[in-house]
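*Asks:* Data: work-v7.tsv, TSV, C-alpha atoms and all ligand atoms.
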chain	number	residue	atom	x	y	z
A	1	MET	CA	67.53	31.93	132.39
A	2	ARG	CA	65.01	29.55	130.81
A	3	ILE	CA	64.41	26.56	133.03
A	4	ILE	CA	62.21	23.48	132.90
A	5	LEU	CA	61.36	21.59	136.09
A	6	LEU	CA	60.72	17.95	135.33
A	7	GLY	CA	59.51	15.21	137.64
A	8	PRO	CA	56.51	13.22	138.82
A	9	PRO	CA	53.32	14.80	140.20
A	10	GLY	CA	53.99	15.74	143.81
A	11	GLY	CA	57.71	15.81	143.03
A	12	GLY	CA	58.12	19.30	144.51
A	13	LYS	CA	58.28	21.23	141.23
A	14	GLY	CA	55.65	23.80	142.20
A	15	THR	CA	57.26	24.56	145.57
A	16	GLN	CA	60.71	24.92	144.03
A	17	ALA	CA	59.36	27.03	141.15
A	18	LYS	CA	58.09	29.56	143.72
A	19	PHE	CA	61.43	29.53	145.62
A	20	LEU	CA	63.35	29.97	142.38
A	21	GLU	CA	61.13	32.89	141.39
A	22	GLU	CA	62.23	34.70	144.56
A	23	ARG	CA	65.91	34.00	143.86
A	24	LEU	CA	66.05	34.47	140.11
A	25	HIS	CA	63.26	37.04	139.56
A	26	ILE	CA	61.77	35.17	136.64
A	27	PRO	CA	58.16	33.94	136.55
A	28	PRO	CA	57.10	30.39	137.31
A	29	ILE	CA	54.70	29.15	134.65
A	30	SER	CA	52.53	26.22	135.68
A	31	THR	CA	50.20	24.74	133.08
A	32	GLY	CA	48.41	22.92	135.93
A	33	ASP	CA	47.66	26.25	137.66
A	34	MET	CA	46.60	27.85	134.37
A	35	LEU	CA	44.27	24.95	133.56
A	36	ARG	CA	42.77	24.97	137.07
A	37	GLU	CA	42.15	28.70	136.71
A	38	ALA	CA	40.49	28.17	133.30
A	39	LYS	CA	38.33	25.45	134.85
A	40	LYS	CA	37.33	27.71	137.73
A	41	GLU	CA	36.42	30.53	135.34
A	42	GLY	CA	34.49	28.11	133.12
A	43	THR	CA	36.27	29.17	129.92
A	44	ALA	CA	36.04	27.00	126.77
A	45	LEU	CA	39.55	25.67	127.53
A	46	GLY	CA	38.60	24.96	131.14
A	47	GLN	CA	35.53	23.02	130.05
A	48	LYS	CA	37.52	20.97	127.55
A	49	ALA	CA	40.29	20.25	130.08
A	50	ALA	CA	38.11	19.41	133.12
A	51	GLY	CA	37.34	15.79	132.28
A	52	PHE	CA	40.94	14.88	131.51
A	53	MET	CA	42.16	16.53	134.70
A	54	SER	CA	39.68	14.89	137.02
A	55	GLU	CA	40.59	11.48	135.58
A	56	GLY	CA	44.30	12.13	136.04
A	57	LYS	CA	44.93	12.09	132.28
A	58	LEU	CA	46.88	14.63	130.27
A	59	VAL	CA	44.98	17.41	128.54
A	60	PRO	CA	45.49	17.07	124.75
A	61	ASP	CA	48.81	18.42	123.48
A	62	ASP	CA	47.33	20.98	121.06
A	63	LEU	CA	45.38	22.73	123.85
A	64	VAL	CA	48.34	22.93	126.23
A	65	ILE	CA	50.79	23.96	123.51
A	66	ALA	CA	48.47	26.83	122.46
A	67	LEU	CA	48.18	27.88	126.12
A	68	ILE	CA	51.96	28.05	126.56
A	69	GLU	CA	52.46	29.79	123.23
A	70	GLU	CA	50.13	32.59	124.38
A	71	ARG	CA	51.74	32.74	127.84
A	72	LEU	CA	55.25	33.08	126.45
A	73	LYS	CA	54.16	36.13	124.46
A	74	LYS	CA	53.70	38.02	127.72
A	75	LYS	CA	56.45	40.46	128.48
A	76	ASP	CA	57.28	39.09	131.93
A	77	SER	CA	58.66	35.90	130.40
A	78	HIS	CA	60.93	37.60	127.86
A	79	ASP	CA	63.99	37.55	130.13
A	80	GLY	CA	63.45	34.02	131.37
A	81	PHE	CA	60.95	31.65	132.96
A	82	ILE	CA	60.56	28.54	135.06
A	83	LEU	CA	58.30	25.99	133.44
A	84	ASP	CA	56.52	23.74	135.95
A	85	GLY	CA	54.51	20.87	134.49
A	86	PHE	CA	55.23	21.69	130.85
A	87	PRO	CA	56.34	19.97	128.69
A	88	ARG	CA	54.85	16.63	129.70
A	89	THR	CA	55.13	14.78	126.39
A	90	VAL	CA	57.77	14.62	123.67
A	91	THR	CA	55.31	16.34	121.30
A	92	GLN	CA	55.04	19.27	123.75
A	93	ALA	CA	58.84	19.42	124.11
A	94	GLN	CA	59.27	19.53	120.35
A	95	ALA	CA	56.66	22.30	120.05
A	96	LEU	CA	58.40	24.31	122.78
A	97	GLY	CA	61.75	23.83	121.05
A	98	LYS	CA	60.24	25.15	117.81
A	99	MET	CA	58.69	28.18	119.57
A	100	LEU	CA	62.05	29.08	121.09
A	101	VAL	CA	64.13	28.51	117.95
A	102	GLU	CA	61.83	30.92	116.10
A	103	LYS	CA	62.77	33.57	118.68
A	104	ASN	CA	66.43	32.58	118.63
A	105	LEU	CA	66.18	31.36	122.23
A	106	LYS	CA	66.92	28.09	124.00
A	107	ILE	CA	66.34	26.22	127.25
A	108	ASP	CA	69.32	26.66	129.59
A	109	ALA	CA	68.60	23.81	131.98
A	110	VAL	CA	66.12	21.05	132.69
A	111	VAL	CA	66.14	20.03	136.34
A	112	ASN	CA	64.80	16.51	136.86
A	113	PHE	CA	63.51	15.77	140.37
A	114	LYS	CA	64.08	12.12	141.25
A	115	VAL	CA	61.32	11.01	143.63
A	116	PRO	CA	60.25	7.36	144.19
A	117	ASP	CA	56.61	6.47	143.53
A	118	GLU	CA	55.97	5.58	147.20
A	119	VAL	CA	57.05	9.09	148.25
A	120	VAL	CA	54.80	10.65	145.59
A	121	VAL	CA	51.77	8.70	146.85
A	122	GLN	CA	52.54	9.60	150.46
A	123	ARG	CA	53.06	13.30	149.67
A	124	LEU	CA	49.96	13.70	147.51
A	125	SER	CA	47.67	11.94	149.97
A	126	GLY	CA	48.71	14.39	152.73
A	127	ARG	CA	48.88	17.47	150.52
A	128	GLY	CA	46.70	20.47	151.34
A	129	THR	CA	46.40	23.17	148.67
A	130	CYS	CA	45.24	26.68	149.54
A	131	SER	CA	41.86	27.28	147.92
A	132	THR	CA	42.68	31.00	147.63
A	133	CYS	CA	46.36	31.39	146.63
A	134	GLY	CA	47.32	27.85	145.58
A	135	LEU	CA	50.23	27.47	148.02
A	136	VAL	CA	50.91	23.84	148.89
A	137	TYR	CA	51.45	22.31	152.37
A	138	GLN	CA	51.93	18.84	153.81
A	139	ARG	CA	48.88	19.36	156.07
A	140	MET	CA	45.29	20.60	156.08
A	141	GLY	CA	44.02	23.68	157.95
A	142	ILE	CA	44.63	27.32	157.09
A	143	CYS	CA	47.17	28.92	154.72
A	144	ASP	CA	49.96	30.77	156.58
A	145	ARG	CA	50.28	33.30	153.76
A	146	CYS	CA	46.69	34.35	153.05
A	147	GLY	CA	44.45	32.61	155.58
A	148	GLY	CA	42.61	30.60	152.88
A	149	ALA	CA	41.33	27.10	153.61
A	150	LEU	CA	43.66	24.23	152.70
A	151	VAL	CA	41.82	21.55	150.75
A	152	GLN	CA	42.71	18.29	149.03
A	153	ARG	CA	42.81	18.74	145.26
A	154	ASP	CA	40.36	16.38	143.50
A	155	ASP	CA	43.17	14.81	141.53
A	156	ASP	CA	45.21	14.19	144.71
A	157	LYS	CA	42.68	11.54	145.73
A	158	LYS	CA	44.17	8.04	145.89
A	159	GLU	CA	42.63	6.50	142.73
A	160	THR	CA	43.58	9.49	140.57
A	161	VAL	CA	47.13	9.62	141.94
A	162	GLN	CA	47.78	6.07	140.63
A	163	LYS	CA	46.56	7.12	137.18
A	164	ARG	CA	48.70	10.29	137.22
A	165	LEU	CA	51.77	8.22	138.12
A	166	GLN	CA	51.07	5.78	135.29
A	167	VAL	CA	50.68	8.69	132.86
A	168	TYR	CA	53.93	10.18	134.17
A	169	HIS	CA	55.89	6.97	133.57
A	170	GLU	CA	54.42	6.39	130.12
A	171	GLN	CA	54.31	9.90	128.69
A	172	THR	CA	56.56	12.24	130.66
A	173	ARG	CA	59.56	10.11	131.69
A	174	PRO	CA	60.73	9.85	128.04
A	175	LEU	CA	61.57	13.56	128.33
A	176	ILE	CA	64.52	12.66	130.57
A	177	LYS	CA	66.20	10.93	127.65
A	178	TYR	CA	65.05	13.66	125.25
A	179	TYR	CA	66.71	16.45	127.24
A	180	LYS	CA	69.74	14.35	128.14
A	181	GLY	CA	70.27	14.05	124.39
A	182	GLN	CA	70.20	17.84	124.17
A	183	GLY	CA	72.84	18.14	126.91
A	184	VAL	CA	70.70	20.28	129.23
A	185	LEU	CA	69.53	17.71	131.79
A	186	ARG	CA	70.52	18.12	135.47
A	187	GLU	CA	69.30	15.42	137.87
A	188	ILE	CA	68.69	16.05	141.57
A	189	GLU	CA	67.40	13.96	144.48
A	190	GLY	CA	63.88	15.24	145.15
A	191	VAL	CA	63.58	13.75	148.65
A	192	GLY	CA	64.44	16.02	151.56
A	193	SER	CA	63.28	19.28	153.09
A	194	PRO	CA	62.14	22.01	150.66
A	195	LYS	CA	65.20	24.13	151.62
A	196	GLU	CA	67.59	21.21	151.03
A	197	ILE	CA	66.05	20.61	147.65
A	198	LEU	CA	66.31	24.31	146.80
A	199	GLY	CA	70.04	24.10	147.57
A	200	ARG	CA	70.37	21.18	145.16
A	201	CYS	CA	68.36	23.04	142.52
A	202	LEU	CA	70.53	26.14	142.76
A	203	LYS	CA	73.68	24.04	142.59
A	204	ALA	CA	72.37	22.20	139.54
A	205	LEU	CA	71.63	25.56	137.92
A	206	GLY	CA	75.05	26.92	138.80
A	207	VAL	CA	73.52	29.68	140.93
A	208	LYS	CA	75.32	30.70	144.11
A	209	ASP	CA	73.22	29.73	147.14
A	210	SER	CA	73.61	32.54	149.67
A	211	LEU	CA	71.91	30.43	152.37
A	212	ALA	CA	74.12	27.36	151.91
A	213	SER	CA	76.53	26.67	154.74
A	301	LIG	P1	49.77	19.66	137.76
A	301	LIG	O1	49.22	20.69	138.66
A	301	LIG	O2	50.98	20.11	136.99
A	301	LIG	O3	49.98	18.32	138.44
A	301	LIG	O4	48.65	19.40	136.64
A	301	LIG	C1	47.35	18.97	136.97
A	301	LIG	C2	46.67	18.37	135.74
A	301	LIG	O5	46.59	19.35	134.70
A	301	LIG	C3	47.41	17.20	135.10
A	301	LIG	O6	47.14	15.96	135.75
A	301	LIG	C4	46.86	17.25	133.68
A	301	LIG	O7	45.55	16.75	133.62
A	301	LIG	C5	46.79	18.75	133.42
A	301	LIG	N1	48.07	19.27	132.86
A	301	LIG	C6	48.92	20.14	133.45
A	301	LIG	N2	49.97	20.39	132.65
A	301	LIG	C7	49.78	19.64	131.54
A	301	LIG	C8	50.52	19.44	130.35
A	301	LIG	N3	51.70	20.06	130.14
A	301	LIG	N4	50.01	18.60	129.41
A	301	LIG	C9	48.83	17.99	129.60
A	301	LIG	N5	48.09	18.11	130.70
A	301	LIG	C10	48.54	18.94	131.67
Please lay out the structure from this file as structure tokens.
Ligand code: AMP
*Replies:*
Amino acid sequence: MRIILLGPPGGGKGTQAKFLEERLHIPPISTGDMLREAKKEGTALGQKAAGFMSEGKLVPDDLVIALIEERLKKKDSHDGFILDGFPRTVTQAQALGKMLVEKNLKIDAVVNFKVPDEVVVQRLSGRGTCSTCGLVYQRMGICDRCGGALVQRDDDKKETVQKRLQVYHEQTRPLIKYYKGQGVLREIEGVGSPKEILGRCLKALGVKDSLAS
């Protein structure tokens, strides 16, 4: 299955991508994680992306498209993937469509997480991200999985969150219409507990939820 998770920053895409990986055994691919890694390693891409990221702006399309093109060549994504945070512009969506058509593949479903702006702001301001494994919590402290310290991401600071939301509305929201037009859009309410939202995701994807009552 080839899935795109669409929604605002802090909309729960990353958390659900990890849950879906466990259920569907296909890799989550997060351009945000890949760019943060590149930044940490100080690669040429990381250096180019850093300024855009810290200001809450999108990294230029050509850089992100090239990153995804390379990632999708890896064998683990050949039987399916869960894209989290890509595409974020219509140009990126068109480039992805072209990449897939060339391989005779297509996107099976785009799950759009509907989350009001106030909830996004509230979630991001209280979000702690593990500095070691990247797992996300709604608290600070220590990561339950690996014991790493939970820290606030630079771009989760209040001023940057407003910018990220503006960028989302202007550049990413048009993708809802784009994928609706392609007949692959599934909309879900993104407010609720992570397990509730997983249930909605699985239902939207037509996957049997063994934990559902
Ligand atoms: P995320 O972790 O998905 O919220 O991404 C963090 C930051 O990485 C974003 O605010 C952008 O600066 C950058 N980024 C991630 N994915 C993309 C993308 N598909 N296009 C452009 N910039 C991106």
*Asks:* Using only C-alpha atoms, can you list as a ChimeraX atom specification the residues within 10 Å of (60.1, 34.5, 125.0)?
*Replies:* /A:2,69,71-81,99-100,102-106
*Asks:* Tell me, counting only C-alpha atoms and all ligand atoms, for each residue of chain A within 7 Å of ligand LIG 301 (chain A), which pair of atoms is nearest and how far apart they are in Å to one decimal, in rows ordered by chain and increasing number, as JSON lines.
*Replies:*
{"residue": "A:Pro9", "atom": "CA", "partner": "A:LIG301", "partner_atom": "O3", "distance": 5.2}
{"residue": "A:Ser30", "atom": "CA", "partner": "A:LIG301", "partner_atom": "O2", "distance": 6.4}
{"residue": "A:Thr31", "atom": "CA", "partner": "A:LIG301", "partner_atom": "N2", "distance": 4.4}
{"residue": "A:Gly32", "atom": "CA", "partner": "A:LIG301", "partner_atom": "O4", "distance": 3.6}
{"residue": "A:Asp33", "atom": "CA", "partner": "A:LIG301", "partner_atom": "O1", "distance": 5.9}
{"residue": "A:Leu35", "atom": "CA", "partner": "A:LIG301", "partner_atom": "O5", "distance": 6.2}
{"residue": "A:Phe52", "atom": "CA", "partner": "A:LIG301", "partner_atom": "O7", "distance": 5.4}
{"residue": "A:Met53", "atom": "CA", "partner": "A:LIG301", "partner_atom": "O7", "distance": 3.6}
{"residue": "A:Gly56", "atom": "CA", "partner": "A:LIG301", "partner_atom": "O6", "distance": 4.8}
{"residue": "A:Lys57", "atom": "CA", "partner": "A:LIG301", "partner_atom": "O7", "distance": 4.9}
{"residue": "A:Leu58", "atom": "CA", "partner": "A:LIG301", "partner_atom": "N5", "distance": 3.7}
{"residue": "A:Val59", "atom": "CA", "partner": "A:LIG301", "partner_atom": "N5", "distance": 3.9}
{"residue": "A:Pro60", "atom": "CA", "partner": "A:LIG301", "partner_atom": "C9", "distance": 6.0}
{"residue": "A:Asp61", "atom": "CA", "partner": "A:LIG301", "partner_atom": "N4", "distance": 6.1}
{"residue": "A:Val64", "atom": "CA", "partner": "A:LIG301", "partner_atom": "N4", "distance": 5.6}
{"residue": "A:Asp84", "atom": "CA", "partner": "A:LIG301", "partner_atom": "O2", "distance": 6.7}
{"residue": "A:Gly85", "atom": "CA", "partner": "A:LIG301", "partner_atom": "O2", "distance": 4.4}
{"residue": "A:Phe86", "atom": "CA", "partner": "A:LIG301", "partner_atom": "N3", "distance": 4.0}
{"residue": "A:Pro87", "atom": "CA", "partner": "A:LIG301", "partner_atom": "N3", "distance": 4.9}
{"residue": "A:Arg88", "atom": "CA", "partner": "A:LIG301", "partner_atom": "N3", "distance": 4.7}
{"residue": "A:Arg164", "atom": "CA", "partner": "A:LIG301", "partner_atom": "O6", "distance": 6.1}
*Asks:* Would you work out the distance separating CA of Pro194 in chain A from CA of Gln16 in chain A, expressed in Å to one decimal?
*Replies:* 7.4 Å
*Asks:* Looking at all atoms listed in the file, which of A:Gly147, A:Leu63, A:Tyr178, A:Gly11 is the one that sits closest to Arg127 in chain A?
*Replies:*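 The closest residue to Arg127 in chain A is A:Gly11.
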*Asks:* Of the candidates A:Lys177, A:Lys208, A:Arg139, A:Lys163, which one gets nearest to Leu24 in chain A if we count only C-alpha atoms?
*Replies:*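 Comparing A:Lys177, A:Lys208, A:Arg139, A:Lys163 against Leu24 in chain A, the winner is A:Lys208.
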*Asks:* Determine, counting all atoms listed in the file, which protein, DNA and RNA residues have an atom within 12 Å of an atom of Lys39 in chain A; residues of the same chain fewer than 3 positions away are not included. Present the result as a VMD selection string.
*Replies:* chain A and resid 32 to 36 42 to 54
*Asks:* In Å, with one decimal, what is the gap from CA of Gly7 in chain A to CA of Asn112 in chain A?
*Replies:*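 CA of Asn112 in chain A lies at a distance of 5.5 Å from CA of Gly7 in chain A.
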*Asks:* Can you measure CA of Leu135 in chain A to CA of Lys203 in chain A for me? One decimal in Å is fine.
*Replies:*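 Separating CA of Leu135 in chain A from CA of Lys203 in chain A is a distance of 24.3 Å.
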*Asks:* When distances are computed from all atoms listed in the file, which of A:Ile26, A:Asp117, A:Leu67, A:Gly12 shows the smallest separation from Ala38 in chain A?
*Replies:*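 Looking at the shortest contact to Ala38 in chain A, the residue is A:Leu67.
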*Asks:* Using all atoms listed in the file, which residue out of A:Asp62, A:Lys114, A:Gly14, A:His25 lies closest to Ile176 in chain A?
*Replies:* A:Lys114
*Asks:* Within 8 Å of Val191 in chain A, counting all atoms listed in the file, which residues qualify if same-chain residues fewer than 2 places away don't, as a count of residues only?
*Replies:* 5
*Asks:* Name the residues in contact with Ile3 in chain A at a cut-off of 7 Å, using all atoms listed in the file, excluding same-chain residues fewer than 2 positions from it; report them as a PyMOL selection string.
*Replies:* chain A and resi 1+5+81-83+107-110
